[in-house]
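S.K.: Data file my_file.cif (mmCIF, N, CA and C atoms and all ligand atoms) is appended below.
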```
data_start
loop_
_atom_site.label_atom_id
_atom_site.label_comp_id
_atom_site.auth_asym_id
_atom_site.auth_seq_id
_atom_site.Cartn_x
_atom_site.Cartn_y
_atom_site.Cartn_z
N THR A 118 -4.64 -113.42 -155.51
CA THR A 118 -5.75 -114.31 -155.83
C THR A 118 -6.28 -114.96 -154.55
N ILE A 119 -7.31 -115.74 -154.73
CA ILE A 119 -7.98 -116.40 -153.62
C ILE A 119 -7.05 -117.39 -152.89
N ASN A 120 -6.01 -117.84 -153.61
CA ASN A 120 -5.04 -118.74 -152.96
C ASN A 120 -4.23 -118.04 -151.89
N ASN A 121 -4.24 -116.71 -151.92
CA ASN A 121 -3.51 -115.96 -150.89
C ASN A 121 -4.36 -115.65 -149.66
N VAL A 122 -5.63 -116.06 -149.73
CA VAL A 122 -6.49 -115.93 -148.55
C VAL A 122 -6.22 -117.14 -147.67
N SER A 123 -6.06 -116.91 -146.38
CA SER A 123 -5.73 -118.07 -145.54
C SER A 123 -6.37 -117.98 -144.17
N ILE A 124 -6.47 -119.13 -143.56
CA ILE A 124 -6.93 -119.20 -142.18
C ILE A 124 -5.71 -119.21 -141.28
N VAL A 125 -5.71 -118.29 -140.35
CA VAL A 125 -4.57 -118.14 -139.44
C VAL A 125 -4.99 -118.67 -138.06
N GLU A 126 -4.14 -119.51 -137.50
CA GLU A 126 -4.38 -119.98 -136.13
C GLU A 126 -3.94 -118.90 -135.16
N VAL A 127 -4.81 -118.50 -134.29
CA VAL A 127 -4.44 -117.50 -133.30
C VAL A 127 -3.92 -118.24 -132.06
N PRO A 128 -2.69 -117.94 -131.64
CA PRO A 128 -2.15 -118.63 -130.46
C PRO A 128 -3.02 -118.35 -129.22
N THR A 129 -3.27 -119.37 -128.44
CA THR A 129 -4.08 -119.18 -127.23
C THR A 129 -3.38 -119.71 -126.00
N VAL A 130 -3.66 -119.11 -124.92
CA VAL A 130 -3.18 -119.56 -123.62
C VAL A 130 -4.42 -120.06 -122.88
N SER A 131 -4.38 -121.33 -122.51
CA SER A 131 -5.57 -121.95 -121.97
C SER A 131 -5.29 -122.53 -120.60
N ASP A 132 -6.15 -122.28 -119.66
CA ASP A 132 -6.06 -122.96 -118.36
C ASP A 132 -7.47 -123.09 -117.79
N THR A 133 -7.58 -123.52 -116.55
CA THR A 133 -8.91 -123.79 -116.00
C THR A 133 -9.77 -122.52 -115.93
N ARG A 134 -9.13 -121.35 -116.03
CA ARG A 134 -9.89 -120.10 -115.96
C ARG A 134 -10.46 -119.70 -117.30
N GLY A 135 -10.07 -120.45 -118.34
CA GLY A 135 -10.58 -120.10 -119.67
C GLY A 135 -9.46 -119.91 -120.66
N LYS A 136 -9.79 -119.32 -121.79
CA LYS A 136 -8.82 -119.18 -122.87
C LYS A 136 -8.54 -117.71 -123.16
N LEU A 137 -7.31 -117.48 -123.55
CA LEU A 137 -6.88 -116.13 -123.89
C LEU A 137 -6.19 -116.23 -125.25
N ALA A 138 -6.69 -115.52 -126.24
CA ALA A 138 -6.11 -115.58 -127.58
C ALA A 138 -5.36 -114.27 -127.84
N VAL A 139 -4.19 -114.38 -128.43
CA VAL A 139 -3.35 -113.20 -128.66
C VAL A 139 -3.02 -113.07 -130.14
N ILE A 140 -3.38 -111.93 -130.71
CA ILE A 140 -3.00 -111.65 -132.10
C ILE A 140 -1.88 -110.63 -132.06
N GLU A 141 -0.70 -111.05 -132.42
CA GLU A 141 0.42 -110.11 -132.50
C GLU A 141 1.22 -110.38 -133.74
N LYS A 142 2.35 -109.71 -133.90
CA LYS A 142 2.92 -109.64 -135.24
C LYS A 142 3.33 -110.96 -135.85
N ASP A 143 3.63 -112.00 -135.06
CA ASP A 143 4.01 -113.26 -135.72
C ASP A 143 2.84 -113.98 -136.38
N CYS A 144 1.59 -113.64 -136.05
CA CYS A 144 0.50 -114.37 -136.71
C CYS A 144 -0.26 -113.51 -137.71
N ILE A 145 0.16 -112.25 -137.87
CA ILE A 145 -0.57 -111.38 -138.80
C ILE A 145 0.44 -110.62 -139.66
N PRO A 146 0.32 -110.68 -140.99
CA PRO A 146 1.37 -110.15 -141.86
C PRO A 146 1.23 -108.67 -142.19
N PHE A 147 0.61 -107.89 -141.32
CA PHE A 147 0.55 -106.44 -141.53
C PHE A 147 0.48 -105.77 -140.16
N ASN A 148 0.78 -104.48 -140.16
CA ASN A 148 0.61 -103.71 -138.93
C ASN A 148 -0.84 -103.28 -138.81
N ILE A 149 -1.42 -103.52 -137.66
CA ILE A 149 -2.83 -103.19 -137.45
C ILE A 149 -2.96 -101.69 -137.22
N LYS A 150 -3.77 -101.06 -138.08
CA LYS A 150 -3.95 -99.62 -137.96
C LYS A 150 -5.35 -99.27 -137.45
N ARG A 151 -6.25 -100.24 -137.60
CA ARG A 151 -7.65 -99.96 -137.28
C ARG A 151 -8.31 -101.25 -136.87
N VAL A 152 -9.21 -101.15 -135.90
CA VAL A 152 -9.97 -102.31 -135.42
C VAL A 152 -11.43 -101.91 -135.42
N TYR A 153 -12.30 -102.75 -136.01
CA TYR A 153 -13.73 -102.50 -135.87
C TYR A 153 -14.43 -103.84 -135.75
N TYR A 154 -15.70 -103.81 -135.39
CA TYR A 154 -16.41 -105.07 -135.24
C TYR A 154 -17.87 -104.89 -135.58
N LEU A 155 -18.43 -105.96 -136.11
CA LEU A 155 -19.85 -105.99 -136.46
C LEU A 155 -20.56 -106.75 -135.35
N TYR A 156 -21.65 -106.20 -134.85
CA TYR A 156 -22.44 -106.87 -133.81
C TYR A 156 -23.88 -106.43 -133.97
N ASP A 157 -24.80 -107.09 -133.25
CA ASP A 157 -26.24 -106.82 -133.43
C ASP A 157 -26.61 -106.93 -134.90
N VAL A 158 -26.07 -107.93 -135.57
CA VAL A 158 -26.33 -108.09 -137.00
C VAL A 158 -27.57 -108.97 -137.17
N PRO A 159 -28.62 -108.50 -137.83
CA PRO A 159 -29.79 -109.35 -138.06
C PRO A 159 -29.39 -110.58 -138.88
N SER A 160 -30.05 -111.73 -138.61
CA SER A 160 -29.62 -112.98 -139.24
C SER A 160 -29.78 -112.96 -140.76
N ASP A 161 -30.69 -112.13 -141.28
CA ASP A 161 -30.87 -112.08 -142.74
C ASP A 161 -30.01 -110.99 -143.37
N SER A 162 -29.10 -110.45 -142.59
CA SER A 162 -28.29 -109.34 -143.08
C SER A 162 -27.18 -109.82 -143.99
N TYR A 163 -26.78 -108.92 -144.87
CA TYR A 163 -25.73 -109.21 -145.83
C TYR A 163 -24.76 -108.05 -145.72
N ARG A 164 -23.48 -108.34 -145.50
CA ARG A 164 -22.48 -107.27 -145.34
C ARG A 164 -21.42 -107.47 -146.40
N GLY A 165 -20.51 -106.52 -146.45
CA GLY A 165 -19.46 -106.61 -147.46
C GLY A 165 -20.05 -106.19 -148.79
N GLY A 166 -19.80 -107.00 -149.82
CA GLY A 166 -20.24 -106.60 -151.15
C GLY A 166 -19.30 -105.57 -151.72
N HIS A 167 -18.01 -105.82 -151.51
CA HIS A 167 -16.99 -104.91 -152.03
C HIS A 167 -15.62 -105.58 -151.97
N ALA A 168 -14.66 -104.93 -152.62
CA ALA A 168 -13.25 -105.36 -152.54
C ALA A 168 -12.44 -104.15 -152.13
N HIS A 169 -11.19 -104.41 -151.79
CA HIS A 169 -10.27 -103.30 -151.46
C HIS A 169 -9.07 -103.34 -152.39
N LYS A 170 -8.56 -102.15 -152.69
CA LYS A 170 -7.39 -102.06 -153.57
C LYS A 170 -6.10 -102.34 -152.82
N LYS A 171 -5.98 -101.84 -151.61
CA LYS A 171 -4.72 -101.95 -150.86
C LYS A 171 -4.86 -102.60 -149.49
N LEU A 172 -6.07 -102.56 -148.96
CA LEU A 172 -6.29 -102.95 -147.56
C LEU A 172 -6.15 -104.46 -147.34
N TYR A 173 -5.40 -104.82 -146.30
CA TYR A 173 -5.39 -106.19 -145.78
C TYR A 173 -6.29 -106.22 -144.55
N GLN A 174 -6.97 -107.34 -144.37
CA GLN A 174 -7.84 -107.47 -143.21
C GLN A 174 -7.74 -108.86 -142.62
N MET A 175 -7.98 -108.93 -141.32
CA MET A 175 -8.18 -110.25 -140.72
C MET A 175 -9.51 -110.22 -139.99
N LEU A 176 -10.35 -111.23 -140.30
CA LEU A 176 -11.68 -111.34 -139.69
C LEU A 176 -11.64 -112.47 -138.66
N VAL A 177 -12.28 -112.23 -137.53
CA VAL A 177 -12.36 -113.27 -136.50
C VAL A 177 -13.80 -113.31 -135.98
N ALA A 178 -14.37 -114.51 -135.92
CA ALA A 178 -15.69 -114.67 -135.31
C ALA A 178 -15.47 -114.74 -133.80
N LEU A 179 -15.54 -113.60 -133.13
CA LEU A 179 -15.30 -113.58 -131.68
C LEU A 179 -16.40 -114.33 -130.96
N SER A 180 -17.60 -114.30 -131.55
CA SER A 180 -18.73 -115.02 -130.97
C SER A 180 -19.62 -115.47 -132.12
N GLY A 181 -20.24 -116.63 -132.00
CA GLY A 181 -21.17 -117.09 -133.02
C GLY A 181 -20.47 -117.43 -134.31
N SER A 182 -21.22 -117.31 -135.41
CA SER A 182 -20.68 -117.74 -136.70
C SER A 182 -21.27 -116.90 -137.83
N PHE A 183 -20.59 -116.92 -138.95
CA PHE A 183 -21.08 -116.31 -140.19
C PHE A 183 -20.29 -116.91 -141.34
N GLU A 184 -20.79 -116.66 -142.55
CA GLU A 184 -20.13 -117.19 -143.75
C GLU A 184 -19.52 -116.06 -144.55
N VAL A 185 -18.32 -116.30 -145.05
CA VAL A 185 -17.64 -115.31 -145.89
C VAL A 185 -17.50 -115.92 -147.28
N HIS A 186 -18.04 -115.22 -148.28
CA HIS A 186 -17.96 -115.66 -149.68
C HIS A 186 -16.93 -114.79 -150.38
N LEU A 187 -15.93 -115.43 -150.97
CA LEU A 187 -14.81 -114.70 -151.56
C LEU A 187 -14.73 -114.98 -153.06
N LYS A 188 -14.36 -113.95 -153.81
CA LYS A 188 -14.17 -114.10 -155.26
C LYS A 188 -12.95 -113.29 -155.65
N ASP A 189 -12.14 -113.85 -156.55
CA ASP A 189 -10.99 -113.08 -157.04
C ASP A 189 -11.14 -112.72 -158.52
N GLY A 190 -12.34 -112.96 -159.07
CA GLY A 190 -12.57 -112.71 -160.49
C GLY A 190 -12.49 -113.99 -161.31
N GLU A 191 -11.84 -115.03 -160.73
CA GLU A 191 -11.76 -116.33 -161.41
C GLU A 191 -12.32 -117.44 -160.55
N ASN A 192 -11.90 -117.45 -159.30
CA ASN A 192 -12.31 -118.53 -158.40
C ASN A 192 -13.10 -117.98 -157.22
N GLU A 193 -13.87 -118.90 -156.62
CA GLU A 193 -14.70 -118.54 -155.48
C GLU A 193 -14.40 -119.46 -154.32
N ARG A 194 -14.65 -118.96 -153.14
CA ARG A 194 -14.45 -119.79 -151.95
C ARG A 194 -15.45 -119.35 -150.89
N LYS A 195 -15.99 -120.30 -150.17
CA LYS A 195 -16.87 -119.97 -149.04
C LYS A 195 -16.22 -120.47 -147.76
N ILE A 196 -16.10 -119.60 -146.79
CA ILE A 196 -15.48 -119.99 -145.53
C ILE A 196 -16.42 -119.66 -144.39
N THR A 197 -16.69 -120.65 -143.55
CA THR A 197 -17.48 -120.40 -142.35
C THR A 197 -16.54 -120.09 -141.21
N LEU A 198 -16.75 -118.96 -140.59
CA LEU A 198 -15.96 -118.63 -139.40
C LEU A 198 -16.83 -118.86 -138.18
N ASN A 199 -16.33 -119.66 -137.26
CA ASN A 199 -17.11 -119.95 -136.07
C ASN A 199 -16.23 -120.26 -134.86
N LYS A 200 -14.96 -119.86 -134.94
CA LYS A 200 -14.06 -120.11 -133.82
C LYS A 200 -13.25 -118.85 -133.50
N PRO A 201 -13.24 -118.45 -132.23
CA PRO A 201 -12.52 -117.22 -131.86
C PRO A 201 -11.00 -117.34 -132.01
N ASP A 202 -10.49 -118.55 -132.24
CA ASP A 202 -9.03 -118.68 -132.39
C ASP A 202 -8.62 -118.95 -133.84
N LYS A 203 -9.53 -118.62 -134.78
CA LYS A 203 -9.19 -118.74 -136.21
C LYS A 203 -9.44 -117.38 -136.87
N GLY A 204 -8.43 -116.89 -137.56
CA GLY A 204 -8.58 -115.63 -138.27
C GLY A 204 -8.59 -115.88 -139.77
N LEU A 205 -9.40 -115.11 -140.48
CA LEU A 205 -9.40 -115.22 -141.95
C LEU A 205 -8.64 -114.01 -142.50
N LEU A 206 -7.50 -114.29 -143.13
CA LEU A 206 -6.69 -113.23 -143.70
C LEU A 206 -7.14 -112.98 -145.13
N ILE A 207 -7.60 -111.76 -145.41
CA ILE A 207 -8.05 -111.39 -146.76
C ILE A 207 -7.08 -110.35 -147.31
N VAL A 208 -6.46 -110.71 -148.42
CA VAL A 208 -5.49 -109.83 -149.08
C VAL A 208 -6.25 -108.83 -149.97
N PRO A 209 -5.59 -107.80 -150.48
CA PRO A 209 -6.28 -106.87 -151.37
C PRO A 209 -6.77 -107.56 -152.65
N GLY A 210 -7.78 -106.97 -153.29
CA GLY A 210 -8.24 -107.47 -154.58
C GLY A 210 -9.15 -108.67 -154.49
N ILE A 211 -9.81 -108.85 -153.36
CA ILE A 211 -10.75 -109.97 -153.19
C ILE A 211 -12.14 -109.40 -152.90
N TRP A 212 -13.09 -109.85 -153.69
CA TRP A 212 -14.49 -109.47 -153.44
C TRP A 212 -15.00 -110.31 -152.28
N ARG A 213 -15.63 -109.69 -151.28
CA ARG A 213 -16.15 -110.45 -150.14
C ARG A 213 -17.59 -110.06 -149.84
N GLU A 214 -18.35 -111.11 -149.46
CA GLU A 214 -19.71 -110.91 -148.99
C GLU A 214 -19.85 -111.75 -147.72
N ILE A 215 -20.53 -111.22 -146.75
CA ILE A 215 -20.67 -111.94 -145.47
C ILE A 215 -22.15 -112.07 -145.16
N ASP A 216 -22.59 -113.30 -144.85
CA ASP A 216 -23.99 -113.50 -144.52
C ASP A 216 -24.15 -114.66 -143.54
N ASN A 217 -25.39 -115.05 -143.33
CA ASN A 217 -25.69 -116.13 -142.38
C ASN A 217 -25.12 -115.89 -140.99
N PHE A 218 -25.28 -114.69 -140.49
CA PHE A 218 -24.82 -114.37 -139.14
C PHE A 218 -25.70 -115.09 -138.12
N SER A 219 -25.08 -115.81 -137.20
CA SER A 219 -25.86 -116.43 -136.13
C SER A 219 -26.25 -115.36 -135.12
N SER A 220 -27.25 -115.66 -134.34
CA SER A 220 -27.71 -114.68 -133.37
C SER A 220 -26.60 -114.42 -132.34
N GLY A 221 -26.34 -113.18 -132.06
CA GLY A 221 -25.29 -112.81 -131.10
C GLY A 221 -23.89 -112.86 -131.66
N SER A 222 -23.75 -113.05 -132.96
CA SER A 222 -22.39 -113.17 -133.49
C SER A 222 -21.69 -111.81 -133.51
N VAL A 223 -20.38 -111.88 -133.37
CA VAL A 223 -19.54 -110.69 -133.41
C VAL A 223 -18.39 -110.96 -134.37
N CYS A 224 -18.24 -110.09 -135.37
CA CYS A 224 -17.16 -110.21 -136.34
C CYS A 224 -16.14 -109.12 -136.09
N LEU A 225 -14.98 -109.54 -135.59
CA LEU A 225 -13.89 -108.59 -135.35
C LEU A 225 -13.11 -108.42 -136.65
N VAL A 226 -12.75 -107.18 -136.99
CA VAL A 226 -11.95 -106.93 -138.18
C VAL A 226 -10.71 -106.12 -137.80
N LEU A 227 -9.56 -106.68 -138.14
CA LEU A 227 -8.29 -105.98 -137.96
C LEU A 227 -7.87 -105.51 -139.34
N ALA A 228 -7.51 -104.24 -139.47
CA ALA A 228 -7.25 -103.69 -140.79
C ALA A 228 -5.89 -103.01 -140.85
N SER A 229 -5.30 -103.06 -142.05
CA SER A 229 -3.94 -102.54 -142.22
C SER A 229 -3.89 -101.03 -142.47
N GLU A 230 -5.06 -100.43 -142.76
CA GLU A 230 -5.08 -99.01 -143.12
C GLU A 230 -6.22 -98.30 -142.40
N ASP A 231 -6.14 -96.98 -142.36
CA ASP A 231 -7.25 -96.17 -141.88
C ASP A 231 -8.43 -96.34 -142.83
N TYR A 232 -9.60 -95.98 -142.37
CA TYR A 232 -10.77 -96.03 -143.24
C TYR A 232 -10.57 -95.04 -144.39
N ASP A 233 -10.79 -95.54 -145.62
CA ASP A 233 -10.61 -94.69 -146.80
C ASP A 233 -11.56 -95.18 -147.89
N GLU A 234 -12.62 -94.43 -148.10
CA GLU A 234 -13.64 -94.86 -149.07
C GLU A 234 -13.05 -95.05 -150.47
N SER A 235 -11.98 -94.32 -150.79
CA SER A 235 -11.41 -94.45 -152.14
C SER A 235 -10.66 -95.77 -152.33
N ASP A 236 -10.46 -96.51 -151.25
CA ASP A 236 -9.83 -97.83 -151.36
C ASP A 236 -10.86 -98.93 -151.68
N TYR A 237 -12.14 -98.57 -151.60
CA TYR A 237 -13.20 -99.56 -151.84
C TYR A 237 -13.53 -99.68 -153.32
N ILE A 238 -13.84 -100.89 -153.76
CA ILE A 238 -14.50 -101.11 -155.06
C ILE A 238 -15.85 -101.72 -154.70
N ARG A 239 -16.92 -100.95 -154.89
CA ARG A 239 -18.23 -101.41 -154.43
C ARG A 239 -19.12 -101.91 -155.56
N ASP A 240 -18.60 -101.83 -156.77
CA ASP A 240 -19.38 -102.25 -157.93
C ASP A 240 -18.72 -103.50 -158.52
N TYR A 241 -19.49 -104.60 -158.65
CA TYR A 241 -18.87 -105.87 -159.06
C TYR A 241 -18.28 -105.80 -160.46
N GLU A 242 -18.94 -105.08 -161.36
CA GLU A 242 -18.37 -104.97 -162.72
C GLU A 242 -17.08 -104.17 -162.71
N ALA A 243 -17.04 -103.14 -161.89
CA ALA A 243 -15.80 -102.36 -161.74
C ALA A 243 -14.69 -103.25 -161.16
N PHE A 244 -15.08 -104.15 -160.25
CA PHE A 244 -14.11 -105.10 -159.68
C PHE A 244 -13.54 -106.01 -160.77
N GLU A 245 -14.44 -106.54 -161.62
CA GLU A 245 -13.96 -107.41 -162.70
C GLU A 245 -13.00 -106.68 -163.64
N LEU A 246 -13.29 -105.42 -163.92
CA LEU A 246 -12.40 -104.62 -164.77
C LEU A 246 -11.05 -104.39 -164.06
N PHE A 247 -11.12 -104.12 -162.76
CA PHE A 247 -9.92 -103.89 -161.95
C PHE A 247 -9.01 -105.13 -161.97
N LYS A 248 -9.63 -106.31 -162.03
CA LYS A 248 -8.86 -107.57 -161.97
C LYS A 248 -8.21 -107.93 -163.29
N ARG A 249 -8.59 -107.27 -164.38
CA ARG A 249 -8.03 -107.62 -165.70
C ARG A 249 -6.67 -106.99 -165.93
P1 LIG A 301 -18.75 -101.04 -144.97
O1 LIG A 301 -17.27 -101.14 -145.02
O2 LIG A 301 -19.49 -100.94 -146.28
O3 LIG A 301 -19.35 -102.22 -144.10
P2 LIG A 301 -19.45 -103.79 -144.38
O4 LIG A 301 -18.33 -104.17 -145.28
O5 LIG A 301 -19.37 -104.41 -143.06
O6 LIG A 301 -20.79 -104.06 -144.99
O7 LIG A 301 -19.10 -99.79 -144.08
C1 LIG A 301 -20.43 -99.49 -143.68
C2 LIG A 301 -20.50 -98.00 -143.37
O8 LIG A 301 -19.64 -97.67 -142.27
C3 LIG A 301 -20.05 -97.14 -144.53
O9 LIG A 301 -20.92 -96.03 -144.60
C4 LIG A 301 -18.69 -96.66 -144.14
C5 LIG A 301 -18.70 -96.68 -142.62
N1 LIG A 301 -17.38 -97.03 -142.04
C6 LIG A 301 -16.64 -96.07 -141.38
O10 LIG A 301 -17.05 -94.90 -141.23
N2 LIG A 301 -15.43 -96.42 -140.83
C7 LIG A 301 -14.93 -97.68 -140.95
O11 LIG A 301 -13.80 -97.97 -140.45
C8 LIG A 301 -15.69 -98.67 -141.66
C9 LIG A 301 -15.20 -100.08 -141.82
C10 LIG A 301 -16.91 -98.30 -142.18
#
```
What do you get writing this file as structure tokens?
Ligand code: TYD
M.R.:
Amino acid sequence: TINNVSIVEVPTVSDTRGKLAVIEKDCIPFNIKRVYYLYDVPSDSYRGGHAHKKLYQMLVALSGSFEVHLKDGENERKITLNKPDKGLLIVPGIWREIDNFSSGSVCLVLASEDYDESDYIRDYEAFELFKR
């Protein structure tokens, strides 16, 4: 459920030269199998609009900001990501939509599985049936 979605603090090493954030196994509860990122996203763009059956993901706003709207079939949550040292952990079975991308924003996604279209639920009614 949506209660299993959490914000993860990414440990950072900071000095006068700047900040370095490290995502490794103590801050992420899955093995990273795939990394992708969204960039050059028009501000009126809408991404996501699907859920996953098995996939775990962590989203990080490496630059700029965007909003993530989450639904588990019962409850909803809106989370604004705007800090490179905060990760949003999304467990399987959560409907997500992402919008309000600021100009120049970059959304990093760490994923637990290879890309597999059969793991997607792209139809909201099918998602509601899946959740019953
Ligand atoms: P999609 O997951 O729907 O993007 P978003 O959730 O950001 O809106 O993927 C968009 C397209 O990219 C879709 O045709 C599938 C393709 N794709 C890959 O080929 N490999 C990948 O790892 C991902 C995430 C998407």
S.K.: Distance atom CA of A:Asp143-atom N of A:Val125, one decimal place?
M.R.: 11.9 Å
S.K.: Which protein, DNA or RNA residues have an atom within 6 Å of ligand LIG 301 (chain A), counting all atoms listed in the file, as a ChimeraX atom specification?
M.R.: /A:163-166,232
S.K.: In Å, with one decimal, what is the gap from atom N of A:Asn120 to atom N of A:Arg249?
M.R.: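 Separation between atom N of A:Asn120 and atom N of A:Arg249: 15.3 Å.
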S.K.: Please compute the atom N of A:Val139-atom N of A:Lys188 distance, one decimal, in Å.
M.R.: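 Between these atoms lies a distance of 27.3 Å.
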S.K.: List the spatial neighbours of stretch 194-196 of chain A as a JSON list (two decimals) with N, CA and C atoms, in the frame of the given file - criterion: any atom at most 6 Å away, all atoms listed in the file, same-chain residues fewer than 2 positions off excluded.
M.R.:
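Final file, around18.json:
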```json
[["chain", "number", "residue", "atom", "x", "y", "z"],
["A", 183, "PHE", "N", -20.59, -116.92, -138.95],
["A", 183, "PHE", "CA", -21.08, -116.31, -140.19],
["A", 183, "PHE", "C", -20.29, -116.91, -141.34],
["A", 184, "GLU", "N", -20.79, -116.66, -142.55],
["A", 184, "GLU", "CA", -20.13, -117.19, -143.75],
["A", 184, "GLU", "C", -19.52, -116.06, -144.55],
["A", 185, "VAL", "N", -18.32, -116.30, -145.05],
["A", 185, "VAL", "CA", -17.64, -115.31, -145.89],
["A", 185, "VAL", "C", -17.50, -115.92, -147.28],
["A", 186, "HIS", "N", -18.04, -115.22, -148.28],
["A", 186, "HIS", "CA", -17.96, -115.66, -149.68],
["A", 186, "HIS", "C", -16.93, -114.79, -150.38],
["A", 187, "LEU", "N", -15.93, -115.43, -150.97],
["A", 187, "LEU", "CA", -14.81, -114.70, -151.56],
["A", 187, "LEU", "C", -14.73, -114.98, -153.06],
["A", 188, "LYS", "N", -14.36, -113.95, -153.81],
["A", 188, "LYS", "CA", -14.17, -114.10, -155.26],
["A", 188, "LYS", "C", -12.95, -113.29, -155.65],
["A", 192, "ASN", "N", -11.90, -117.45, -159.30],
["A", 192, "ASN", "CA", -12.31, -118.53, -158.40],
["A", 192, "ASN", "C", -13.10, -117.98, -157.22],
["A", 198, "LEU", "N", -16.75, -118.96, -140.59],
["A", 198, "LEU", "CA", -15.96, -118.63, -139.40],
["A", 198, "LEU", "C", -16.83, -118.86, -138.18]]
```
S.K.: Taking only C-alpha atoms into account, which of A:Val226, A:Val127, A:Ala243, A:Leu155 comes nearest A:Pro201?
M.R.: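 Among the listed residues, the smallest separation from A:Pro201 belongs to A:Val127.
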S.K.: Taking into account all atoms listed in the file, which residue in the set A:Glu193, A:Gly204, A:Asp231, A:Arg213 is nearest to A:Ile119?
M.R.: A:Glu193
S.K.: Can you tell me, as a list in words, what residues are no more than 6 Å from A:Asp236 when counting only N, CA and C atoms, ignoring any on the same chain fewer than 2 positions away?
M.R.: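 In the requested format, the answer is Ala168, His169, Lys170, Lys171, Asp233, Glu234 and Ile238 of chain A.
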S.K.: Give the centre and edge lengths of an axis-aligned box, in Å to one decimal, that holds all listed atoms of stretch 195-213 of chain A with 8 Å on each side, as AutoDock Vina command-line options.
M.R.:
```
--center_x -11.5 --center_y -113.8 --center_z -143.2 --size_x 28.1 --size_y 29.8 --size_z 38.7
```
S.K.: Pull the neighbourhood of (-4.1, -108.2, -139.4) for me: all residues within 6 Å in file coordinates, counting only C-alpha atoms, as a VMD selection string.
M.R.: chain A and resid 145 147 149 174 to 175 227 to 228
S.K.: Hey, which of A:Leu205, A:Val158, A:Gly190, A:Thr133 ends up closest to A:Ala178? Count all atoms listed in the file.
M.R.: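 Once distances to A:Ala178 are computed over all atoms listed in the file, the minimum belongs to A:Leu205.
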S.K.: Taking into account only C-alpha atoms, which residue in the set A:Val152, A:Leu172, A:His167, A:Lys248 is nearest to A:Pro209?
M.R.: A:Leu172
S.K.: With DSSP run on the backbone, what are the strand (DSSP E) residues within chain A? I'd like them as a PyMOL selection string.
M.R.: chain A and resi 123-126+129-132+135-138+151-155+164-169+174-180+183-188+193-198+203-207+212-216+223-228+237-238
S.K.: Identify which of the residues A:Gly210, A:Ile215, A:Thr118, A:Cys224 lies closest to A:Phe247, counting only C-alpha atoms when measuring atom-to-atom distances.
M.R.: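 Result for the nearest residue to A:Phe247: A:Gly210.
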S.K.: What are the DSSP helix (DSSP H, G or I) residues of stretch 138-242 of chain A, as a ChimeraX atom specification?
M.R.: /A:142-144,234-236,241-242
S.K.: Which of these, A:Asp202, A:Ile211, A:Tyr173, A:Pro159, has the shortest distance to A:Ala138 once you count only N, CA and C atoms?
M.R.: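 Result for the nearest residue to A:Ala138: A:Asp202.
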